[in-house]
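Reviewing the structure listed below.
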Amino acid sequence: MPEAAIFEARDLSRHFDVSKPALQRLLAREPRRTLRAVDGVSFAIPRGTTFSLVGESGCGKSTVARLAVGLYAPSGGQAIFEGQELAEARKSVAQRRRMQMIFQDPYASLNPRWRVSDIVGEPIRAFGIAEGGAALREKVGALLRQVGLSPADGNRFPHEFSGGQRQRISIARALSSNPEFLVCDEPTSALDVSVQAQILNLMKGLQRELGLTYLFISHNLAVVRQVSDRVGVMYLGRIVESAPAETLFTAPRHPYTRALMEAIPDLEMAGRERQPVGGEVPSPISPPSGCTFNPRCPLANDRCRAERPALVAARGTPETLVACHAVEEGRDGFEARAAA
Amino acid sequence: MAAPLLEVRDLVVEFPGRRGTLRALDKVSFDIAPGEVLGMVGESGAGKSMTGAAIIGLLEPPGRIAGGSITLAGQRIDNLSPREIRRIRGKRIGAIFQDPLTTLNPLYTVGDQLTETMRTHLDIDAAEARRRAVGWLEAVGIPAAAERIGAYPHQFSGGMRQRVVIALALCAEPELVVADEPTTALDVSVQAQVIALLRRLTREKGTSVMLITHDMGVIAETADRVAVMYAGRIAEIGPVKSVVKAAAHPYSAGLMASIPPLSHRVDQLPQIDGAMPRLTAIPRGCAYNPRCPHVFDRCREERPELLPAVETRAACWLFDSHAPRERAHA
Amino acid sequence: MNAIARAWDSDIAYAFRHSPTAVISAIVALVCIVGAVAAPVLAPYNPFDLASLDLMDAFNPPAFLDEGTLAHPFGTDDQGRDVLSAIMYGARMSLFVGVSATAFALLLGVLLGLMAGYAGGTVDAVLMRIADVQLTFPNILIALLVDGVARAALPRDLHDQIAVYVVIFAIGISDWPRFARTVRGSAMVERNKEYVLAARVIGIGPARIMLTHVLPNVLGPLLVLATLNLGLAIISEATLSFLGVGLPQTQPSLGTLIRIGNDFLFSGEWWITVFPGVALIAMVLSVNLLGDWLRDALNPRLR
């Protein structure tokens, strides 16, 4: 890797116990049930770049986001921040300050009873970044200006702002501890499209200006294309394909990635007939054996139903890591398509 | 053009409140032709769902229709009693909502709900209704329809439930279907299936559709014409290709430009600064004037009606043929 | 001035002004509370000043009856005590016990509810099972039990001295599960909100999150519950005192007055018991109606 990764996931897993309460389970003689929300995910994010995770609801991308800032402890594998185990790193105030998170719902992510200046100032106070009331006020004012609000907005309450403005406040709060690594969990999916453009532009500008590293979680492929350096596609708790953004969008390899791109209604395609992928995402409590995509996959064979494919460099696009037997065996028709 | 199926004229919906009356819809006018799919787009709070609710007679109190008219195949339906509008809803207008669980009754099997709806609105006996119910479930792509007819809504997955809702909305053979964000709650890969299904079935039956969504991609693929709403008014209305590719109104143009493209990466997405005004603070003149790059004095004073623009009709003074020419070049 | 004008203009003040029930309840409650709190200043006599009592005045009927005098508008009791003054002092005691017991239940309930809601798991299970078990017993039974234990365990003198606090504890301890459940429910909702996650990301501890983030957001429902609970606590105290296990006769509450007056009900001196009863009803009903209104007014879905 050319530059040291600021964050790395090594075979990271998170399982949740979704069993019924002990007594009910005993009475109904049911076994414990485990939901493997994240099941052996590995990736590394070089400093100053954006790594995106895309996937449909229930694929585990938000769980990865929470693992990455220590809101969940891993059930298996490791989360590494700056070469150090994350849980260890988070014990130090100096390290904890360097990671922050931006959330999806601009209505739930700000405490409705707090003034904006207190919301933005909370990390500053918690980390003792600015000493004294005047210094704090000045820093909060500067942050609000940085995200396109006015320092006077600090005296107002969250409900006085629109969704886009609230997301700006969230970003100001996240920036207030001078972080280097920002985990963004669907930061624009609750926003209207014209406001989404504002927030995406703001985030890209801040990245350039401050050298931020983003872990960007989204279900929207078009948004991901705009912001990412590298993209991981998740399906049922696993990364099925990971590639540089340009490669992923021009030469998607995994059948699921291709189905997902095919499924997106696009302005350019007005009036076209599409061949949508059949079926729905199965329950992560009882995922299919082998490759979890096999029941919906046009290329599935017996091996796919039995053996879980490993994430390996793809034939033809070596920068792409893909977990697919068909790609590995060359039966995905990639060479034929490339030749055509 | 044939006589429109649905005619909405100068529709005004108001919410009386203690701080004065809020105007949620302000003189909204449009038509839907028989068999046509009209898309309704706009940001949250622009009034697109409100328009749908007014048409199917499901405005949340204290909201009320305070002006204008809604005409379905020549019959006024905006001033009907709750009883009469209930009979029209289901029989002549079907409704599909974002969350299938609000439409399906959890206590009855999907078969019961389908037969009940058909027997209420169509003159058929129980056996025929049963037969048709199976047919409908097959038509919306439920595997093993004959067995699944006895299943309860919770036994279906999200995508399958929305298919059942589509069957339920269409089974009484309505002339118009109002679909409010029918795919927003679904996963991307399932969205595509449901949209394709809705489009195929309504085309086969010649049903008109009012498709309300914030997703321009869905509209672009599905609708014949599209109306862009802003702050309770229609900003622009026209053929879907024209609005997507060559929007006349500065707002719709900005909206289309701000959609991130899937096909390529742009360094800076075109954005519209600011936000849509709240209903309590809609500016004088054109509601879009504080954000508009082409604003001139008249926009701040006088509200524009829908005027013929290049390929569409836009509520924008740039297209007033009586205005001085040099203003209209943009 | 500006703050007052803003408060007057707020939605809740508007809803209040337009609800006759709320306005009337508030007036009645205010009269009861002022009369009770300011009894030493407002009451025409001091019913505890034995020197001022005159048995010649005993059993005077209320002023509106033939033999009544305006000096004792609600009449006098068997000791010649002015009933109106006794009610005002009694209401003061009832209110003191009610408010204290509610405050005690509130503090305990909020503390345990926050712990259960935020910690979840075993802590939650244990605390909530205790609350469940306690809720299966009528409150009055628990209060009787506590009071009985206190009576048996403490010397008589000491018990009479601290009887008030025993009653407050007895009522408070039986009411905490209500508060704990409300707070727990809200805490569980708030705990998963993103603003709490944001605080956790920067390493803010659970206790601080509970106090600064969660608690301010459950104050609304707590206020409603406390108001409704105040009425119930006053009734509980009155019941205990009526049964003779509550407050001693030296510190009479409305319940004590009703019990004392009860002895004379059938000999025709009805006013000794009826007026304290009416006062109790007025106080509890007005407070409860106010609580009900507050619950509706704070619930955005009902508006």
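In the structure tokens, the first chain shown is A, the next is B, and so on; residue numbers restart at 1 for each chain, and ligands run from 1 in the order shown.
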
Contacts between segment 170-191 of chain C and segment 213-287 of chain C, please, where a residue of segment 213-287 of chain C counts if it comes within 10 Å (with only C-alpha atoms); show its shortest atom pair and distance in Å to one decimal, rows by chain and ascending number, as CSV.
```
residue,atom,partner,partner_atom,distance
C:His213,CA,C:Glu190,CA,8.4
C:Val214,CA,C:Glu190,CA,6.1
C:Leu215,CA,C:Ala187,CA,7.9
C:Asn217,CA,C:Glu190,CA,8.0
C:Val218,CA,C:Ser186,CA,6.3
C:Leu219,CA,C:Val183,CA,9.0
C:Pro221,CA,C:Thr182,CA,7.5
C:Leu222,CA,C:Phe179,CA,7.1
C:Leu225,CA,C:Phe179,CA,7.2
C:Ala226,CA,C:Phe179,CA,8.2
C:Asn229,CA,C:Asp175,CA,7.9
C:Leu232,CA,C:Asp175,CA,9.2
C:Ala233,CA,C:Ile171,CA,6.6
C:Ile234,CA,C:Ile171,CA,9.3
C:Ser236,CA,C:Ile171,CA,6.9
C:Glu237,CA,C:Ile171,CA,7.3
C:Leu240,CA,C:Ile171,CA,9.5
C:Gly246,CA,C:Ala170,CA,9.7
```

Residue hits in chain C, query chain B, radius 10 Å, only C-alpha atoms, as a PyMOL selection string: chain C and resi 11+14-15

Would you save the residues of that selection, restricted to C-alpha atoms, as an mmCIF file, in the first residue's frame?
```cif
data_model
loop_
_atom_site.group_PDB
_atom_site.id
_atom_site.type_symbol
_atom_site.label_atom_id
_atom_site.label_comp_id
_atom_site.auth_asym_id
_atom_site.auth_seq_id
_atom_site.Cartn_x
_atom_site.Cartn_y
_atom_site.Cartn_z
ATOM 1 C CA ASP C 11 -48.539 27.304 21.778
ATOM 2 C CA TYR C 14 -52.628 29.445 23.761
ATOM 3 C CA ALA C 15 -53.980 25.929 24.214
#
```

Show me, as CSV, the residues of chain B having an atom within 9 Å of chain A, each with the closest atom pair and its distance in Å, using only C-alpha atoms.
```
residue,atom,partner,partner_atom,distance
B:Gly42,CA,A:Asp192,CA,8.6
B:Glu43,CA,A:Asp192,CA,5.6
B:Ser44,CA,A:Asp192,CA,6.8
B:Ser157,CA,A:Glu280,CA,8.2
B:Gly158,CA,A:Glu280,CA,8.8
B:Gly159,CA,A:Glu280,CA,7.4
B:Leu186,CA,A:Ser57,CA,8.8
B:Asp187,CA,A:Glu56,CA,5.8
B:Val188,CA,A:Ala263,CA,6.5
B:Ser189,CA,A:Ala263,CA,5.3
B:Val190,CA,A:Glu280,CA,6.5
B:Gln191,CA,A:Ala263,CA,7.7
B:Ala192,CA,A:Ala263,CA,5.5
B:Gln193,CA,A:Pro276,CA,5.8
B:Ala196,CA,A:Arg274,CA,8.0
B:His214,CA,A:Asp192,CA,7.8
B:Asp215,CA,A:Val193,CA,8.7
B:Met216,CA,A:Leu267,CA,7.0
B:Gly217,CA,A:Pro265,CA,4.5
B:Val218,CA,A:Pro265,CA,5.5
B:Ile219,CA,A:Ala270,CA,8.3
B:Ala220,CA,A:Ala270,CA,4.8
B:Glu221,CA,A:Ala270,CA,4.6
B:Thr222,CA,A:Gly271,CA,6.7
B:Ala223,CA,A:Gly271,CA,8.3
B:Asp224,CA,A:Gly271,CA,8.9
B:Val240,CA,A:Ala270,CA,8.2
B:Lys241,CA,A:Ala270,CA,7.0
B:Val244,CA,A:Leu267,CA,7.0
B:Lys245,CA,A:Leu267,CA,8.6
B:Gly254,CA,A:Ser194,CA,7.6
B:Leu255,CA,A:Ser194,CA,5.8
B:Met256,CA,A:Ser194,CA,8.5
B:Ala257,CA,A:Ser194,CA,8.5
B:Ser258,CA,A:Ser194,CA,5.4
B:Ile259,CA,A:Val193,CA,6.1
B:Pro260,CA,A:Ala222,CA,5.6
B:Pro261,CA,A:Ala222,CA,5.7
B:Leu262,CA,A:Ala222,CA,4.3
B:Ser263,CA,A:Phe249,CA,7.8
B:His264,CA,A:Arg225,CA,7.4
B:Arg265,CA,A:Gln226,CA,5.2
B:Val266,CA,A:Gln226,CA,6.5
B:Asp267,CA,A:Gln226,CA,7.6
B:Gln268,CA,A:Asn201,CA,6.1
B:Leu269,CA,A:Ala197,CA,5.9
B:Pro270,CA,A:Ala197,CA,6.9
B:Gln271,CA,A:Ala197,CA,5.4
B:Ile272,CA,A:Ser194,CA,5.9
B:Asp273,CA,A:Gln198,CA,7.2
B:Gly274,CA,A:Val195,CA,8.1
B:Ala275,CA,A:Val195,CA,7.3
B:Met276,CA,A:Ser162,CA,8.9
```

10 Å contacts from chain C to chain A using only C-alpha atoms, as number ranges by chain: C: 190, 192-204, 212-214, 216-217

Test item: residues at most 7 Å from Ala44 of chain A, only C-alpha atoms, excluding those fewer than 3 positions along its chain, as a list of chain:residue names: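 These residues fall inside the cut-off: A:Ala5, A:Phe7, A:Glu8, A:Ala9.
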
Could you write those residues out with N, CA and C atoms, as a short mmCIF file (atom, residue, chain, number, x, y, z; two decimals), in the first residue's frame?
```
data_model
loop_
_atom_site.label_atom_id
_atom_site.label_comp_id
_atom_site.auth_asym_id
_atom_site.auth_seq_id
_atom_site.Cartn_x
_atom_site.Cartn_y
_atom_site.Cartn_z
N ALA A 5 -2.42 3.19 6.03
CA ALA A 5 -3.85 3.32 6.22
C ALA A 5 -4.13 3.99 7.55
N PHE A 7 -7.24 3.82 8.77
CA PHE A 7 -8.14 2.84 9.37
C PHE A 7 -8.09 1.55 8.58
N GLU A 8 -8.14 0.45 9.30
CA GLU A 8 -8.12 -0.83 8.63
C GLU A 8 -9.06 -1.80 9.33
N ALA A 9 -9.83 -2.52 8.54
CA ALA A 9 -10.66 -3.59 9.08
C ALA A 9 -10.04 -4.90 8.65
#
```

Contact residues around Asn79 of chain B with only C-alpha atoms at 9 Å, ignoring same-chain residues under 2 positions, as a PyMOL selection string: chain B and resi 65+69-70+76-77+81+85

Those same residues, written as a tab-separated table (two decimals), in the first residue's frame with N, CA and C atoms?
```tsv
chain	number	residue	atom	x	y	z
B	65	ILE	N	-59.97	21.58	1.30
B	65	ILE	CA	-59.93	22.19	-0.02
B	65	ILE	C	-60.63	23.53	0.07
B	69	SER	N	-61.23	23.10	-8.26
B	69	SER	CA	-62.09	21.94	-8.47
B	69	SER	C	-61.24	20.75	-8.91
B	70	ILE	N	-61.77	19.56	-8.62
B	70	ILE	CA	-61.18	18.31	-9.09
B	70	ILE	C	-62.28	17.57	-9.82
B	76	ARG	N	-67.51	16.31	-10.71
B	76	ARG	CA	-66.78	16.97	-9.63
B	76	ARG	C	-66.61	16.02	-8.46
B	77	ILE	N	-65.41	15.84	-7.94
B	77	ILE	CA	-65.23	14.95	-6.79
B	77	ILE	C	-64.63	15.67	-5.59
B	81	SER	N	-69.52	14.16	-0.27
B	81	SER	CA	-69.56	13.80	1.14
B	81	SER	C	-68.54	12.69	1.38
B	85	ILE	N	-67.17	9.93	-1.42
B	85	ILE	CA	-65.78	9.86	-1.85
B	85	ILE	C	-65.20	8.49	-1.51
```

Backbone-only DSSP, strand (DSSP E or B) members of segment 66-304 of chain B, as a PyMOL selection string: chain B and resi 66-72+75-76+93-96+176-180+208-212+225-230+233-239

Write the residues of the selection above to a file with N, CA and C atoms, as a compact mmCIF listing (two decimals), in the first residue's frame.
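Saved to result-v1.txt:
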```txt
# COMPACT_ATOMS: atom_id res chain seq x y z
N ALA B 66 -59.90 24.60 -0.22
CA ALA B 66 -60.46 25.93 -0.01
C ALA B 66 -60.76 26.63 -1.33
N GLY B 67 -60.50 25.94 -2.44
CA GLY B 67 -60.80 26.58 -3.72
C GLY B 67 -60.45 25.67 -4.86
N GLY B 68 -60.95 25.98 -6.03
CA GLY B 68 -60.66 25.20 -7.22
C GLY B 68 -61.55 23.98 -7.32
N SER B 69 -61.23 23.10 -8.26
CA SER B 69 -62.09 21.94 -8.47
C SER B 69 -61.24 20.75 -8.91
N ILE B 70 -61.77 19.56 -8.62
CA ILE B 70 -61.18 18.31 -9.09
C ILE B 70 -62.28 17.57 -9.82
N THR B 71 -62.04 17.25 -11.08
CA THR B 71 -63.08 16.61 -11.88
C THR B 71 -62.56 15.29 -12.41
N LEU B 72 -63.31 14.20 -12.15
CA LEU B 72 -62.93 12.88 -12.64
C LEU B 72 -63.94 12.49 -13.71
N GLN B 75 -67.05 14.43 -13.64
CA GLN B 75 -67.80 14.56 -12.39
C GLN B 75 -66.94 15.25 -11.33
N ARG B 76 -67.51 16.31 -10.71
CA ARG B 76 -66.78 16.97 -9.63
C ARG B 76 -66.61 16.02 -8.46
N ILE B 93 -60.82 5.30 -8.18
CA ILE B 93 -59.44 5.75 -7.93
C ILE B 93 -58.79 4.77 -6.97
N GLY B 94 -57.71 4.15 -7.39
CA GLY B 94 -56.95 3.27 -6.51
C GLY B 94 -55.82 4.04 -5.87
N ALA B 95 -55.39 3.60 -4.69
CA ALA B 95 -54.31 4.32 -4.01
C ALA B 95 -53.22 3.34 -3.59
N ILE B 96 -51.97 3.75 -3.80
CA ILE B 96 -50.81 2.98 -3.35
C ILE B 96 -49.95 3.91 -2.53
N LEU B 176 -58.13 5.55 -12.39
CA LEU B 176 -56.94 6.31 -12.00
C LEU B 176 -56.30 5.66 -10.77
N VAL B 177 -54.99 5.59 -10.77
CA VAL B 177 -54.28 5.13 -9.58
C VAL B 177 -53.39 6.27 -9.10
N VAL B 178 -53.51 6.60 -7.82
CA VAL B 178 -52.61 7.58 -7.22
C VAL B 178 -51.57 6.81 -6.43
N ALA B 179 -50.31 6.86 -6.85
CA ALA B 179 -49.25 6.11 -6.20
C ALA B 179 -48.29 7.09 -5.54
N ASP B 180 -48.30 7.11 -4.20
CA ASP B 180 -47.49 8.08 -3.47
C ASP B 180 -46.23 7.40 -2.94
N SER B 208 -54.93 5.27 -15.84
CA SER B 208 -54.09 6.46 -15.67
C SER B 208 -53.40 6.38 -14.32
N VAL B 209 -52.21 6.96 -14.23
CA VAL B 209 -51.46 6.91 -12.98
C VAL B 209 -50.96 8.30 -12.63
N MET B 210 -51.14 8.65 -11.36
CA MET B 210 -50.46 9.83 -10.85
C MET B 210 -49.37 9.30 -9.94
N LEU B 211 -48.12 9.43 -10.37
CA LEU B 211 -46.98 8.84 -9.66
C LEU B 211 -46.23 9.93 -8.91
N ILE B 212 -46.34 9.87 -7.58
CA ILE B 212 -45.72 10.90 -6.75
C ILE B 212 -44.42 10.34 -6.20
N ARG B 225 -45.65 12.34 -18.68
CA ARG B 225 -45.45 13.77 -18.43
C ARG B 225 -45.06 13.93 -16.98
N VAL B 226 -44.50 15.06 -16.64
CA VAL B 226 -44.10 15.28 -15.25
C VAL B 226 -44.44 16.71 -14.84
N ALA B 227 -44.90 16.83 -13.60
CA ALA B 227 -45.14 18.15 -13.03
C ALA B 227 -44.14 18.35 -11.90
N VAL B 228 -43.44 19.48 -11.91
CA VAL B 228 -42.47 19.80 -10.86
C VAL B 228 -43.13 20.76 -9.89
N MET B 229 -43.19 20.39 -8.63
CA MET B 229 -43.84 21.26 -7.65
C MET B 229 -42.81 21.98 -6.80
N TYR B 230 -43.15 23.19 -6.40
CA TYR B 230 -42.28 23.99 -5.53
C TYR B 230 -43.15 24.87 -4.65
N ARG B 233 -46.89 25.02 -5.36
CA ARG B 233 -47.33 25.43 -6.69
C ARG B 233 -46.65 24.55 -7.73
N ILE B 234 -47.24 24.48 -8.89
CA ILE B 234 -46.57 23.78 -9.98
C ILE B 234 -45.62 24.76 -10.66
N ALA B 235 -44.34 24.39 -10.68
CA ALA B 235 -43.36 25.28 -11.31
C ALA B 235 -43.29 25.01 -12.80
N GLU B 236 -43.41 23.74 -13.17
CA GLU B 236 -43.29 23.40 -14.57
C GLU B 236 -44.01 22.08 -14.82
N ILE B 237 -44.58 21.96 -16.01
CA ILE B 237 -45.23 20.71 -16.37
C ILE B 237 -45.01 20.47 -17.86
N GLY B 238 -44.70 19.22 -18.19
CA GLY B 238 -44.45 18.94 -19.60
C GLY B 238 -44.04 17.50 -19.81
N PRO B 239 -43.76 17.12 -21.07
CA PRO B 239 -43.32 15.77 -21.38
C PRO B 239 -42.06 15.44 -20.59
```

Near-segment 139-156 of chain B list (9 Å; only C-alpha atoms; drop same-chain fewer than 5 positions) as an NGL selection string: :B and (101 or 104-112 or 130 or 133-134 or 161 or 163-164 or 166-167 or 194 or 197-198 or 201)

DSSP helix (DSSP H, G or I) residues within segment 118-257 of chain C, listed as a PyMOL selection string: chain C and resi 118-119+121-135+139-153+156-191+194-201+206-242+254-257
